[in-house]
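Structure data follow from input-v7.cif (mmCIF, C-alpha atoms):
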data_final
loop_
_atom_site.label_atom_id
_atom_site.label_comp_id
_atom_site.auth_asym_id
_atom_site.auth_seq_id
_atom_site.Cartn_x
_atom_site.Cartn_y
_atom_site.Cartn_z
CA MET H 98 -20.27 -5.50 -27.08
CA THR H 99 -22.50 -8.52 -26.57
CA GLY H 100 -23.97 -9.67 -23.29
CA GLN H 101 -21.36 -12.39 -22.89
CA PHE H 102 -19.31 -12.62 -19.69
CA ARG H 103 -16.00 -10.81 -19.77
CA ASP H 104 -13.24 -10.90 -17.18
CA ILE H 105 -12.83 -7.81 -15.04
CA ALA H 106 -9.65 -5.75 -15.21
CA VAL H 107 -8.89 -3.34 -12.37
CA VAL H 108 -7.27 -0.25 -13.92
CA LEU H 109 -5.42 2.36 -11.90
CA LEU H 110 -6.77 5.57 -13.40
CA SER H 111 -5.23 8.86 -12.35
CA GLY H 112 -7.04 10.77 -15.06
CA GLY H 113 -3.83 11.44 -17.01
CA MET H 114 -3.01 10.30 -20.54
CA ASP H 115 -1.06 7.14 -19.74
CA SER H 116 -3.68 5.62 -17.46
CA CYS H 117 -6.45 6.59 -19.90
CA VAL H 118 -4.70 4.63 -22.63
CA ALA H 119 -4.20 1.72 -20.20
CA ALA H 120 -7.98 1.77 -19.60
CA ALA H 121 -8.64 1.85 -23.36
CA TRP H 122 -6.30 -1.12 -23.78
CA ALA H 123 -8.04 -3.11 -21.03
CA ALA H 124 -11.51 -2.17 -22.31
CA GLN H 125 -10.85 -4.10 -25.53
CA ASN H 126 -11.53 -7.42 -23.83
CA HIS H 127 -12.41 -6.76 -20.19
CA ASP H 128 -15.10 -5.09 -18.16
CA LEU H 129 -13.42 -2.24 -16.33
CA ALA H 130 -13.13 -1.62 -12.59
CA LEU H 131 -11.50 1.76 -12.04
CA ILE H 132 -9.57 2.89 -9.00
CA HIS H 133 -8.47 6.46 -8.34
CA LEU H 134 -6.17 7.74 -5.64
CA THR H 135 -6.33 11.13 -4.00
CA TYR H 136 -3.32 11.83 -1.84
CA GLY H 137 -3.49 15.53 -1.05
CA GLN H 138 -2.18 16.51 -4.50
CA ARG H 139 -2.83 20.12 -5.59
CA THR H 140 -5.04 19.21 -8.54
CA LEU H 141 -7.14 16.64 -6.70
CA VAL H 142 -10.56 17.92 -7.75
CA ARG H 143 -9.61 18.28 -11.42
CA GLU H 144 -8.08 14.79 -11.55
CA ARG H 145 -11.19 13.35 -9.94
CA ARG H 146 -13.32 14.99 -12.65
CA ALA H 147 -11.12 13.42 -15.32
CA PHE H 148 -11.54 10.03 -13.60
CA ASP H 149 -15.34 10.34 -13.55
CA ASP H 150 -15.49 11.58 -17.14
CA ILE H 151 -13.43 8.62 -18.37
CA ALA H 152 -15.45 6.16 -16.27
CA ASN H 153 -18.66 7.59 -17.76
CA HIS H 154 -17.19 7.32 -21.25
CA TYR H 155 -16.71 3.57 -20.73
CA GLY H 156 -20.05 3.11 -18.97
CA VAL H 157 -18.47 1.81 -15.76
CA PRO H 158 -21.11 1.39 -13.02
CA ASP H 159 -20.63 2.95 -9.57
CA SER H 160 -19.99 -0.46 -8.01
CA ARG H 161 -16.84 -0.73 -10.11
CA ARG H 162 -15.47 2.72 -9.29
CA LEU H 163 -13.32 3.15 -6.20
CA VAL H 164 -11.93 6.51 -5.09
CA VAL H 165 -9.51 6.15 -2.21
CA ASP H 166 -8.32 8.98 -0.01
CA THR H 167 -4.76 8.05 0.79
CA ASN H 168 -3.94 11.10 2.88
CA PHE H 169 -1.32 9.03 4.65
CA LEU H 170 0.96 9.74 1.68
CA ALA H 171 0.59 13.45 2.38
CA ARG H 172 1.21 12.85 6.10
CA ILE H 173 4.31 10.79 5.44
CA GLY H 174 5.40 13.80 3.39
CA GLY H 175 8.57 14.51 1.53
CA SER H 176 7.05 15.53 -1.81
CA ALA H 177 6.24 18.76 -3.63
CA LEU H 178 2.99 17.24 -4.87
CA THR H 179 1.69 16.81 -1.34
CA ASP H 180 3.49 19.57 0.59
CA SER H 181 2.26 23.04 -0.34
CA SER H 182 5.37 24.60 1.23
CA ILE H 183 7.55 23.11 -1.51
CA PRO H 184 7.20 24.92 -4.87
CA VAL H 185 6.32 22.81 -7.90
CA PRO H 186 9.42 22.78 -10.08
CA GLY H 187 9.01 24.44 -13.47
CA ALA H 188 11.14 21.75 -15.01
CA HIS H 189 13.29 18.89 -13.82
CA THR H 190 15.74 20.34 -11.29
CA PRO H 191 19.34 19.82 -12.39
CA GLY H 192 21.46 17.74 -10.05
CA LEU H 193 18.53 15.90 -8.50
CA ASP H 194 18.33 12.18 -9.23
CA VAL H 195 14.70 12.10 -8.20
CA PRO H 196 12.19 14.82 -9.13
CA LEU H 197 10.73 16.84 -6.25
CA THR H 198 7.30 15.55 -7.24
CA TYR H 199 8.26 12.01 -6.23
CA VAL H 200 6.05 10.41 -3.56
CA PRO H 201 8.20 7.69 -1.99
CA PHE H 202 7.20 4.23 -3.26
CA ARG H 203 3.85 5.53 -4.43
CA ASN H 204 3.16 2.91 -7.07
CA ALA H 205 3.50 0.15 -4.47
CA HIS H 206 0.55 1.64 -2.58
CA LEU H 207 -1.42 2.08 -5.78
CA ILE H 208 -0.87 -1.43 -7.05
CA ALA H 209 -1.48 -3.00 -3.63
CA MET H 210 -4.88 -1.31 -3.62
CA GLY H 211 -5.59 -2.64 -7.06
CA VAL H 212 -4.61 -6.14 -5.94
CA SER H 213 -6.77 -6.07 -2.79
CA TRP H 214 -9.76 -4.89 -4.78
CA ALA H 215 -9.10 -7.38 -7.56
CA GLU H 216 -9.26 -10.19 -4.99
CA VAL H 217 -12.65 -8.98 -3.79
CA LEU H 218 -14.00 -8.57 -7.33
CA GLY H 219 -12.46 -11.78 -8.64
CA ALA H 220 -10.52 -9.80 -11.24
CA LYS H 221 -7.57 -11.56 -12.84
CA THR H 222 -5.82 -8.44 -14.13
CA VAL H 223 -4.57 -5.19 -12.59
CA ALA H 224 -3.43 -2.71 -15.25
CA ILE H 225 -1.29 0.35 -14.64
CA GLY H 226 -0.21 2.89 -17.27
CA VAL H 227 3.36 3.48 -16.18
CA ILE H 228 6.06 4.32 -18.74
CA GLU H 229 9.61 3.12 -18.21
CA GLU H 230 10.83 6.27 -20.02
CA ASP H 231 9.70 8.27 -16.98
CA SER H 232 11.79 6.06 -14.74
CA ALA H 233 14.94 8.19 -14.75
CA GLY H 234 13.48 9.86 -11.72
CA TYR H 235 10.79 7.43 -10.55
CA PRO H 236 12.18 4.02 -9.56
CA ASP H 237 8.64 2.70 -9.01
CA CYS H 238 7.83 3.15 -12.73
CA THR H 239 10.41 0.69 -14.05
CA GLN H 240 9.87 -2.71 -15.62
CA ALA H 241 12.25 -4.12 -13.00
CA PHE H 242 10.00 -2.89 -10.20
CA MET H 243 6.82 -4.08 -11.91
CA THR H 244 8.29 -7.54 -12.50
CA ALA H 245 9.47 -7.79 -8.90
CA PHE H 246 6.17 -6.51 -7.53
CA ASN H 247 4.22 -8.93 -9.70
CA ARG H 248 6.24 -11.78 -8.18
CA ALA H 249 5.41 -10.49 -4.71
CA VAL H 250 1.72 -10.44 -5.65
CA GLN H 251 1.87 -14.05 -6.83
CA GLU H 252 3.37 -15.01 -3.44
CA GLY H 253 1.31 -12.79 -1.15
CA ALA H 254 -2.24 -12.71 -2.50
CA ALA H 255 -4.82 -15.46 -1.99
CA ALA H 256 -6.17 -15.22 -5.56
CA PRO H 257 -3.36 -13.28 -7.22
CA PRO H 258 -4.17 -11.17 -10.28
CA SER H 259 -1.49 -10.41 -12.86
CA ILE H 260 -0.01 -6.94 -12.89
CA VAL H 261 0.07 -5.76 -16.50
CA THR H 262 1.73 -2.65 -17.88
CA PRO H 263 0.48 -2.18 -21.46
CA VAL H 264 2.44 1.01 -22.21
CA ILE H 265 5.59 0.53 -20.11
CA HIS H 266 7.99 0.22 -23.06
CA LEU H 267 6.42 2.94 -25.21
CA SER H 268 7.50 6.53 -25.61
CA LYS H 269 4.91 9.05 -24.54
CA ALA H 270 4.34 9.86 -28.22
CA ASP H 271 3.67 6.18 -28.94
CA VAL H 272 1.24 6.06 -26.02
CA LEU H 273 -0.68 8.83 -27.75
CA ARG H 274 -0.62 6.96 -31.07
CA MET H 275 -1.89 3.83 -29.28
CA GLY H 276 -4.59 5.90 -27.59
CA ASN H 277 -5.58 7.29 -30.96
CA GLU H 278 -5.94 3.79 -32.43
CA LEU H 279 -7.94 2.56 -29.44
CA GLU H 280 -10.12 5.69 -29.50
CA ALA H 281 -9.13 6.52 -25.95
CA PRO H 282 -10.96 9.65 -24.78
CA MET H 283 -7.89 11.89 -24.52
CA HIS H 284 -10.09 15.00 -24.46
CA LEU H 285 -11.22 13.90 -20.97
CA THR H 286 -7.72 13.51 -19.49
CA TRP H 287 -5.85 16.00 -17.29
CA SER H 288 -2.11 16.30 -16.77
CA CYS H 289 -1.28 19.73 -15.32
CA TYR H 290 0.19 19.72 -11.79
CA GLN H 291 -0.44 23.44 -11.29
CA ASN H 292 -3.92 24.51 -12.46
CA ASP H 293 -7.38 22.99 -12.69
CA ASP H 294 -9.01 25.18 -15.32
CA ILE H 295 -6.52 25.77 -18.15
CA ALA H 296 -3.35 23.67 -18.31
CA CYS H 297 -0.39 25.91 -17.39
CA GLY H 298 1.79 24.56 -20.20
CA THR H 299 4.98 25.07 -18.18
CA CYS H 300 4.99 22.51 -15.35
CA ASP H 301 6.93 19.26 -15.87
CA SER H 302 3.77 17.33 -16.64
CA CYS H 303 2.41 19.86 -19.17
CA ARG H 304 5.78 20.06 -20.92
CA ARG H 305 5.94 16.28 -21.26
CA ARG H 306 2.36 16.22 -22.56
CA ASN H 307 2.92 19.00 -25.11
CA GLN H 308 6.17 17.43 -26.33
CA ALA H 309 4.48 14.04 -26.74
CA PHE H 310 1.61 15.43 -28.81
CA GLU H 311 4.13 17.28 -30.99
CA GLU H 312 6.22 14.14 -31.51
CA ALA H 313 3.13 12.07 -32.26
CA GLY H 314 1.94 14.62 -34.80
CA LEU H 315 -1.39 14.87 -33.01
CA ILE H 316 -3.34 17.86 -31.71
CA ASP H 317 -4.00 18.00 -27.95
CA PRO H 318 -7.78 18.26 -27.60
CA ILE H 319 -7.56 20.04 -24.22
CA ALA H 320 -7.06 23.80 -23.99
CA SER H 321 -3.77 25.16 -22.68
CA ILE H 322 -2.35 28.67 -22.18
CA MET I 192 21.92 3.88 26.01
CA THR I 193 24.52 6.55 25.33
CA GLY I 194 24.03 9.68 23.23
CA GLN I 195 25.66 8.07 20.17
CA PHE I 196 23.86 8.07 16.84
CA ARG I 197 21.87 4.94 16.09
CA ASP I 198 20.20 3.99 12.84
CA ILE I 199 16.44 4.23 12.79
CA ALA I 200 14.30 1.13 12.31
CA VAL I 201 10.68 1.55 11.24
CA VAL I 202 8.66 -1.13 13.04
CA LEU I 203 5.11 -2.07 12.07
CA LEU I 204 3.43 -2.25 15.47
CA SER I 205 -0.12 -3.57 15.67
CA GLY I 206 0.00 -3.79 19.43
CA GLY I 207 -0.03 -7.59 19.42
CA MET I 208 2.64 -9.94 20.75
CA ASP I 209 4.55 -10.60 17.54
CA SER I 210 5.04 -6.97 16.59
CA CYS I 211 5.95 -6.09 20.18
CA VAL I 212 8.75 -8.65 20.09
CA ALA I 213 9.83 -7.30 16.69
CA ALA I 214 10.05 -3.84 18.29
CA ALA I 215 12.07 -5.26 21.21
CA TRP I 216 14.40 -6.93 18.71
CA ALA I 217 14.90 -3.70 16.74
CA ALA I 218 15.33 -1.61 19.91
CA GLN I 219 18.53 -3.51 20.73
CA ASN I 220 20.52 -1.49 18.21
CA HIS I 221 18.17 1.02 16.58
CA ASP I 222 16.15 4.04 17.51
CA LEU I 223 12.53 3.10 16.86
CA ALA I 224 10.01 4.70 14.51
CA LEU I 225 6.64 3.04 15.04
CA ILE I 226 3.79 2.82 12.57
CA HIS I 227 0.29 1.64 13.42
CA LEU I 228 -2.58 0.90 11.06
CA THR I 229 -6.23 1.32 11.82
CA TYR I 230 -8.46 -0.21 9.17
CA GLY I 231 -11.91 -0.27 10.68
CA GLN I 232 -11.14 -3.33 12.81
CA ARG I 233 -13.46 -3.96 15.78
CA THR I 234 -10.80 -3.49 18.45
CA LEU I 235 -9.30 -0.33 16.93
CA VAL I 236 -9.28 1.76 20.11
CA ARG I 237 -7.81 -1.00 22.27
CA GLU I 238 -5.06 -1.79 19.74
CA ARG I 239 -4.22 1.91 19.52
CA ARG I 240 -3.80 2.00 23.30
CA ALA I 241 -1.44 -0.96 23.12
CA PHE I 242 0.56 0.85 20.43
CA ASP I 243 0.87 4.01 22.55
CA ASP I 244 1.75 2.05 25.69
CA ILE I 245 4.54 0.19 23.90
CA ALA I 246 5.81 3.40 22.26
CA ASN I 247 5.90 5.07 25.69
CA HIS I 248 7.73 2.06 27.12
CA TYR I 249 10.52 2.57 24.57
CA GLY I 250 10.52 6.36 24.90
CA VAL I 251 9.64 6.92 21.24
CA PRO I 252 8.98 10.64 20.56
CA ASP I 253 5.78 11.78 18.82
CA SER I 254 7.72 12.63 15.65
CA ARG I 255 8.53 8.95 15.25
CA ARG I 256 4.99 7.63 15.79
CA LEU I 257 2.69 7.37 12.80
CA VAL I 258 -0.91 6.23 13.09
CA VAL I 259 -2.50 5.73 9.69
CA ASP I 260 -6.22 5.42 9.06
CA THR I 261 -6.42 2.99 6.17
CA ASN I 262 -10.19 2.88 5.93
CA PHE I 263 -9.82 1.94 2.28
CA LEU I 264 -9.19 -1.62 3.45
CA ALA I 265 -12.60 -1.57 5.11
CA ARG I 266 -14.15 -0.05 1.96
CA ILE I 267 -12.56 -2.65 -0.28
CA GLY I 268 -14.16 -5.12 2.11
CA GLY I 269 -14.25 -8.86 2.07
CA SER I 270 -13.16 -9.51 5.66
CA ALA I 271 -14.76 -10.32 9.00
CA LEU I 272 -12.30 -7.97 10.70
CA THR I 273 -13.64 -4.98 8.81
CA ASP I 274 -17.24 -5.95 8.06
CA SER I 275 -19.43 -5.98 11.17
CA SER I 276 -22.08 -8.01 9.32
CA ILE I 277 -19.75 -11.05 9.22
CA PRO I 278 -19.43 -12.81 12.60
CA VAL I 279 -15.90 -13.27 13.97
CA PRO I 280 -15.20 -17.00 13.76
CA GLY I 281 -14.71 -18.71 17.10
CA ALA I 282 -12.03 -20.85 15.61
CA HIS I 283 -10.59 -21.52 12.18
CA THR I 284 -13.48 -22.43 9.93
CA PRO I 285 -13.06 -25.94 8.51
CA GLY I 286 -12.90 -26.16 4.75
CA LEU I 287 -11.72 -22.60 4.27
CA ASP I 288 -8.21 -22.20 2.94
CA VAL I 289 -8.12 -18.61 4.11
CA PRO I 290 -9.50 -17.48 7.49
CA LEU I 291 -12.47 -15.11 7.39
CA THR I 292 -10.33 -12.53 9.16
CA TYR I 293 -8.06 -12.23 6.12
CA VAL I 294 -7.80 -8.72 4.64
CA PRO I 295 -6.66 -9.23 1.04
CA PHE I 296 -2.96 -8.46 0.61
CA ARG I 297 -2.89 -6.46 3.85
CA ASN I 298 0.79 -6.82 4.60
CA ALA I 299 1.68 -5.29 1.24
CA HIS I 300 -0.11 -2.09 2.30
CA LEU I 301 1.51 -2.18 5.72
CA ILE I 302 5.03 -2.69 4.46
CA ALA I 303 4.64 -0.14 1.66
CA MET I 304 3.76 2.42 4.30
CA GLY I 305 6.79 1.44 6.32
CA VAL I 306 8.97 1.80 3.23
CA SER I 307 7.59 5.24 2.27
CA TRP I 308 8.11 6.50 5.81
CA ALA I 309 11.57 4.93 6.02
CA GLU I 310 12.58 6.88 2.92
CA VAL I 311 11.46 10.14 4.52
CA LEU I 312 13.20 9.34 7.84
CA GLY I 313 16.35 7.94 6.22
CA ALA I 314 15.74 4.60 7.99
CA LYS I 315 17.59 1.60 6.59
CA THR I 316 15.38 -1.05 8.15
CA VAL I 317 11.66 -1.85 8.16
CA ALA I 318 10.80 -4.61 10.64
CA ILE I 319 7.59 -6.62 10.70
CA GLY I 320 6.69 -9.30 13.23
CA VAL I 321 5.06 -11.83 10.93
CA ILE I 322 5.28 -15.56 11.67
CA GLU I 323 5.46 -18.08 8.83
CA GLU I 324 3.59 -20.57 11.02
CA ASP I 325 0.51 -18.36 10.62
CA SER I 326 0.87 -18.57 6.87
CA ALA I 327 -1.39 -21.58 6.34
CA GLY I 328 -4.17 -19.06 5.97
CA TYR I 329 -2.35 -15.79 5.31
CA PRO I 330 -0.24 -15.85 2.12
CA ASP I 331 1.13 -12.39 2.93
CA CYS I 332 2.83 -13.72 6.09
CA THR I 333 5.17 -16.13 4.34
CA GLN I 334 8.92 -15.94 3.91
CA ALA I 335 8.37 -16.32 0.16
CA PHE I 336 6.21 -13.19 0.10
CA MET I 337 8.59 -11.21 2.30
CA THR I 338 11.57 -12.15 0.13
CA ALA I 339 9.70 -11.22 -3.04
CA PHE I 340 8.43 -7.97 -1.57
CA ASN I 341 11.90 -7.05 -0.34
CA ARG I 342 13.17 -7.46 -3.91
CA ALA I 343 10.40 -5.18 -5.15
CA VAL I 344 11.42 -2.60 -2.54
CA GLN I 345 15.04 -2.72 -3.70
CA GLU I 346 13.83 -2.04 -7.27
CA GLY I 347 11.11 0.48 -6.58
CA ALA I 348 12.30 2.75 -3.77
CA ALA I 349 14.73 5.65 -4.18
CA ALA I 350 16.61 4.85 -0.95
CA PRO I 351 15.42 1.33 -0.28
CA PRO I 352 15.39 0.05 3.29
CA SER I 353 15.70 -3.66 4.02
CA ILE I 354 12.58 -5.54 5.07
CA VAL I 355 13.48 -7.67 8.08
CA THR I 356 11.34 -10.31 9.74
CA PRO I 357 13.00 -11.21 13.05
CA VAL I 358 10.43 -13.77 14.17
CA ILE I 359 9.24 -15.23 10.87
CA HIS I 360 10.68 -18.73 11.43
CA LEU I 361 9.78 -19.00 15.11
CA SER I 362 6.81 -20.73 16.66
CA LYS I 363 4.55 -18.41 18.62
CA ALA I 364 5.88 -19.99 21.82
CA ASP I 365 9.45 -19.18 20.74
CA VAL I 366 8.40 -15.61 19.99
CA LEU I 367 7.29 -15.38 23.61
CA ARG I 368 10.59 -16.84 24.83
CA MET I 369 12.46 -14.33 22.66
CA GLY I 370 10.29 -11.53 24.03
CA ASN I 371 11.05 -12.71 27.54
CA GLU I 372 14.79 -12.56 26.89
CA LEU I 373 14.57 -9.13 25.28
CA GLU I 374 12.32 -7.88 28.11
CA ALA I 375 9.59 -7.00 25.63
CA PRO I 376 6.63 -5.38 27.46
CA MET I 377 4.18 -8.20 26.82
CA HIS I 378 1.88 -6.86 29.57
CA LEU I 379 1.14 -3.91 27.24
CA THR I 380 0.14 -6.00 24.21
CA TRP I 381 -3.39 -6.83 23.02
CA SER I 382 -4.51 -9.76 20.88
CA CYS I 383 -8.27 -10.25 21.28
CA TYR I 384 -10.36 -9.65 18.15
CA GLN I 385 -13.62 -9.50 20.08
CA ASN I 386 -13.35 -7.40 23.25
CA ASP I 387 -11.42 -4.36 24.40
CA ASP I 388 -11.61 -4.73 28.18
CA ILE I 389 -10.99 -8.38 29.07
CA ALA I 390 -9.66 -10.76 26.42
CA CYS I 391 -12.48 -13.15 25.42
CA GLY I 392 -10.22 -16.20 25.47
CA THR I 393 -12.20 -17.89 22.70
CA CYS I 394 -11.57 -16.00 19.44
CA ASP I 395 -8.88 -17.33 17.09
CA SER I 396 -6.37 -14.78 18.25
CA CYS I 397 -6.94 -15.38 21.98
CA ARG I 398 -6.69 -19.14 21.48
CA ARG I 399 -3.39 -18.81 19.66
CA ARG I 400 -2.10 -16.49 22.38
CA ASN I 401 -3.15 -18.75 25.24
CA GLN I 402 -1.72 -21.83 23.55
CA ALA I 403 1.59 -20.07 22.93
CA PHE I 404 1.97 -18.98 26.56
CA GLU I 405 1.17 -22.53 27.65
CA GLU I 406 3.75 -24.03 25.28
CA ALA I 407 6.37 -21.48 26.32
CA GLY I 408 5.76 -22.25 29.98
CA LEU I 409 5.13 -18.57 30.66
CA ILE I 410 2.26 -16.75 32.36
CA ASP I 411 0.26 -14.27 30.26
CA PRO I 412 0.44 -10.96 32.15
CA ILE I 413 -2.86 -9.70 30.70
CA ALA I 414 -6.20 -10.58 32.23
CA SER I 415 -8.55 -12.90 30.36
CA ILE I 416 -11.97 -14.39 31.11
#

Can you turn what I pasted into structure tokens?
Amino acid sequence: MTGQFRDIAVVLLSGGMDSCVAAAWAAQNHDLALIHLTYGQRTLVRERRAFDDIANHYGVPDSRRLVVDTNFLARIGGSALTDSSIPVPGAHTPGLDVPLTYVPFRNAHLIAMGVSWAEVLGAKTVAIGVIEEDSAGYPDCTQAFMTAFNRAVQEGAAAPPSIVTPVIHLSKADVLRMGNELEAPMHLTWSCYQNDDIACGTCDSCRRRNQAFEEAGLIDPIASI
Amino acid sequence: MTGQFRDIAVVLLSGGMDSCVAAAWAAQNHDLALIHLTYGQRTLVRERRAFDDIANHYGVPDSRRLVVDTNFLARIGGSALTDSSIPVPGAHTPGLDVPLTYVPFRNAHLIAMGVSWAEVLGAKTVAIGVIEEDSAGYPDCTQAFMTAFNRAVQEGAAAPPSIVTPVIHLSKADVLRMGNELEAPMHLTWSCYQNDDIACGTCDSCRRRNQAFEEAGLIDPIASI
């Protein structure tokens, strides 16, 4: 990288695989500004470590890291990820249209934060690593939602950035292949909903991760049970 | 009111005149659920009192009051309302397209919270008392934004409520006339950006309030200097 000026991209970085690849995609031709949400999830500390590790990997300065405590999502409630009285499902629960781990309209909050910060930073891009494939249960991960929300941003922001979704039409295996090509630091990511030391391998998120690595023909660099 | 079941409307209630009239409008045929945002604004405590007074007026139980500390808006910064180092403008600053009191994309955060809570409560309506007339400086107060955001809600929420804007096309004077008809408790509202005991009468918000009462031919029931 030369010293030339590059546009800033705000990337929503949970610390999972998809957002890590979104960051790797944006890093090709932007300086990164990384935003991380904590919302009372069980694996908050571990996800935060993944966020910091990835930010360090890309040399992002403190002034372009924003960690936001959105405990209001926990207070609004209604989700297994934020309510410790609801057990984390071992797999998708049959008969439910929406997984128990759904936080109502969560991506709207996430993207709105990215947009507000982008306006302050003068960033023209807000990137989010959602995958349409996951949208069977999460309506806020669909292309239809992203397109509609992007229109709302163009109407409602003073200096509207574009919402971009670099992996939305990929399978999770193809996200891993893309990450591999872009040299995304997958060894620094975290996916498990249940543990923060060794991935449990059995929660929804671990199963999706393991299946994706298998399909991609790649080895997961993180340890699991 | 009889004991019959009424749909719930989530109303975004700042404690100012416009949101109070929106609450009065919704209270005609809904049970109210009231949400209030604090975001590091100067008059936080006074606005909270207005919120509680109006909630008490409509007999809203604690389980349907939600006060959310959104200090992330203050941390993202860029606004005179949340940054005590920037003086509150006495009037709209000439040459600025956007008032200094603008919090980037604020209404998106507000409405997203209303939508998330509506999903948990099973509410079919989220009401917000924005006025298009104010939109010269606030792009997130326009009908175009509300329409676009409502479309995003329909795509991105599991049980999407409708976003309704009962006063959006009214002048502020007409909002007051509507409030008068609906017996909205205007004596419990607060508008001043500067003080929390007696309204200053000179900040942008006070000037708009005073002008509106004058135009409506009504007397402001709150004391001012």

Discussion item. For a quick test of understanding: name the residues of chain H lying within 7 Å of chain I when counting only C-alpha atoms, and present them as a list in words.
Written reply: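 Interface list for chain H against chain I: Val165, Phe169, Ile173, Gly175, Pro201, Phe202, Ala205, His206, Ala209, Ser213, Trp214, Glu216, Val217, Pro236, Asp237, Ala241, Phe242, Ala245, Phe246, Arg248, Ala249, Glu252, Gly253, Ala254 and Ala255 of chain H.
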
Worksheet item: By how many Å are atom CA of Ile265 of chain H and atom CA of Glu229 of chain H apart?
Response: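 Separating atom CA of Ile265 of chain H from atom CA of Glu229 of chain H is a distance of 5.1 Å.
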
Discussion item. Once the PyMOL selection byres ((chain H and resi 106) around 12) has been evaluated on this model, what residues remain selected, and can you format them as a PyMOL selection string?
Written reply: chain H and resi 103-105+107-110+119-132+157+161-162+211-212+214-216+218-225+258-261

Could you turn the residues from that selection into a file that holds C-alpha atoms, as a PDB file, in the coordinates of the input?
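Listed below is the output, part_15.pdb:
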ATOM      1  CA  ARG H 103     -16.000 -10.810 -19.770  1.00  0.00           C
ATOM      2  CA  ASP H 104     -13.240 -10.900 -17.180  1.00  0.00           C
ATOM      3  CA  ILE H 105     -12.830  -7.810 -15.040  1.00  0.00           C
ATOM      4  CA  VAL H 107      -8.890  -3.340 -12.370  1.00  0.00           C
ATOM      5  CA  VAL H 108      -7.270  -0.250 -13.920  1.00  0.00           C
ATOM      6  CA  LEU H 109      -5.420   2.360 -11.900  1.00  0.00           C
ATOM      7  CA  LEU H 110      -6.770   5.570 -13.400  1.00  0.00           C
ATOM      8  CA  ALA H 119      -4.200   1.720 -20.200  1.00  0.00           C
ATOM      9  CA  ALA H 120      -7.980   1.770 -19.600  1.00  0.00           C
ATOM     10  CA  ALA H 121      -8.640   1.850 -23.360  1.00  0.00           C
ATOM     11  CA  TRP H 122      -6.300  -1.120 -23.780  1.00  0.00           C
ATOM     12  CA  ALA H 123      -8.040  -3.110 -21.030  1.00  0.00           C
ATOM     13  CA  ALA H 124     -11.510  -2.170 -22.310  1.00  0.00           C
ATOM     14  CA  GLN H 125     -10.850  -4.100 -25.530  1.00  0.00           C
ATOM     15  CA  ASN H 126     -11.530  -7.420 -23.830  1.00  0.00           C
ATOM     16  CA  HIS H 127     -12.410  -6.760 -20.190  1.00  0.00           C
ATOM     17  CA  ASP H 128     -15.100  -5.090 -18.160  1.00  0.00           C
ATOM     18  CA  LEU H 129     -13.420  -2.240 -16.330  1.00  0.00           C
ATOM     19  CA  ALA H 130     -13.130  -1.620 -12.590  1.00  0.00           C
ATOM     20  CA  LEU H 131     -11.500   1.760 -12.040  1.00  0.00           C
ATOM     21  CA  ILE H 132      -9.570   2.890  -9.000  1.00  0.00           C
ATOM     22  CA  VAL H 157     -18.470   1.810 -15.760  1.00  0.00           C
ATOM     23  CA  ARG H 161     -16.840  -0.730 -10.110  1.00  0.00           C
ATOM     24  CA  ARG H 162     -15.470   2.720  -9.290  1.00  0.00           C
ATOM     25  CA  GLY H 211      -5.590  -2.640  -7.060  1.00  0.00           C
ATOM     26  CA  VAL H 212      -4.610  -6.140  -5.940  1.00  0.00           C
ATOM     27  CA  TRP H 214      -9.760  -4.890  -4.780  1.00  0.00           C
ATOM     28  CA  ALA H 215      -9.100  -7.380  -7.560  1.00  0.00           C
ATOM     29  CA  GLU H 216      -9.260 -10.190  -4.990  1.00  0.00           C
ATOM     30  CA  LEU H 218     -14.000  -8.570  -7.330  1.00  0.00           C
ATOM     31  CA  GLY H 219     -12.460 -11.780  -8.640  1.00  0.00           C
ATOM     32  CA  ALA H 220     -10.520  -9.800 -11.240  1.00  0.00           C
ATOM     33  CA  LYS H 221      -7.570 -11.560 -12.840  1.00  0.00           C
ATOM     34  CA  THR H 222      -5.820  -8.440 -14.130  1.00  0.00           C
ATOM     35  CA  VAL H 223      -4.570  -5.190 -12.590  1.00  0.00           C
ATOM     36  CA  ALA H 224      -3.430  -2.710 -15.250  1.00  0.00           C
ATOM     37  CA  ILE H 225      -1.290   0.350 -14.640  1.00  0.00           C
ATOM     38  CA  PRO H 258      -4.170 -11.170 -10.280  1.00  0.00           C
ATOM     39  CA  SER H 259      -1.490 -10.410 -12.860  1.00  0.00           C
ATOM     40  CA  ILE H 260      -0.010  -6.940 -12.890  1.00  0.00           C
ATOM     41  CA  VAL H 261       0.070  -5.760 -16.500  1.00  0.00           C
TER      42      VAL H 261
END

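Run against this file, the PyMOL selection byres ((chain H and resi 309) around 12) gives back Met114, Asp115, Leu267, Ser268, Lys269, Ala270, Asp271, Val272, Leu273, Arg274, Ser302, Cys303, Arg304, Arg305, Arg306, Asn307, Gln308, Phe310, Glu311, Glu312, Ala313, Gly314, Leu315, Ile316 and Asp317 of chain H.
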
Practice prompt. State, in Å with one decimal place, the distance from atom CA of Ala241 of chain I to atom CA of Tyr136 of chain H.
Written response: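 Atom-to-atom, atom CA of Ala241 of chain I to atom CA of Tyr136 of chain H, that is 28.1 Å.
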
Discussion item. Just to confirm, what's the straight-line distance from atom CA of Pro318 of chain H to atom CA of Gly112 of chain H in Å (one decimal)?
Written reply: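 Distance reported for this atom pair: 14.6 Å.
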
If the box runs along x, y and z of the file and leaves 8 Å on each side of segment 233-250 of chain H, what are its centre and edge lengths in Å, one decimal, as AutoDock Vina command-line options?
--center_x 8.3 --center_y -1.0 --center_z -10.2 --size_x 29.2 --size_y 37.6 --size_z 26.9
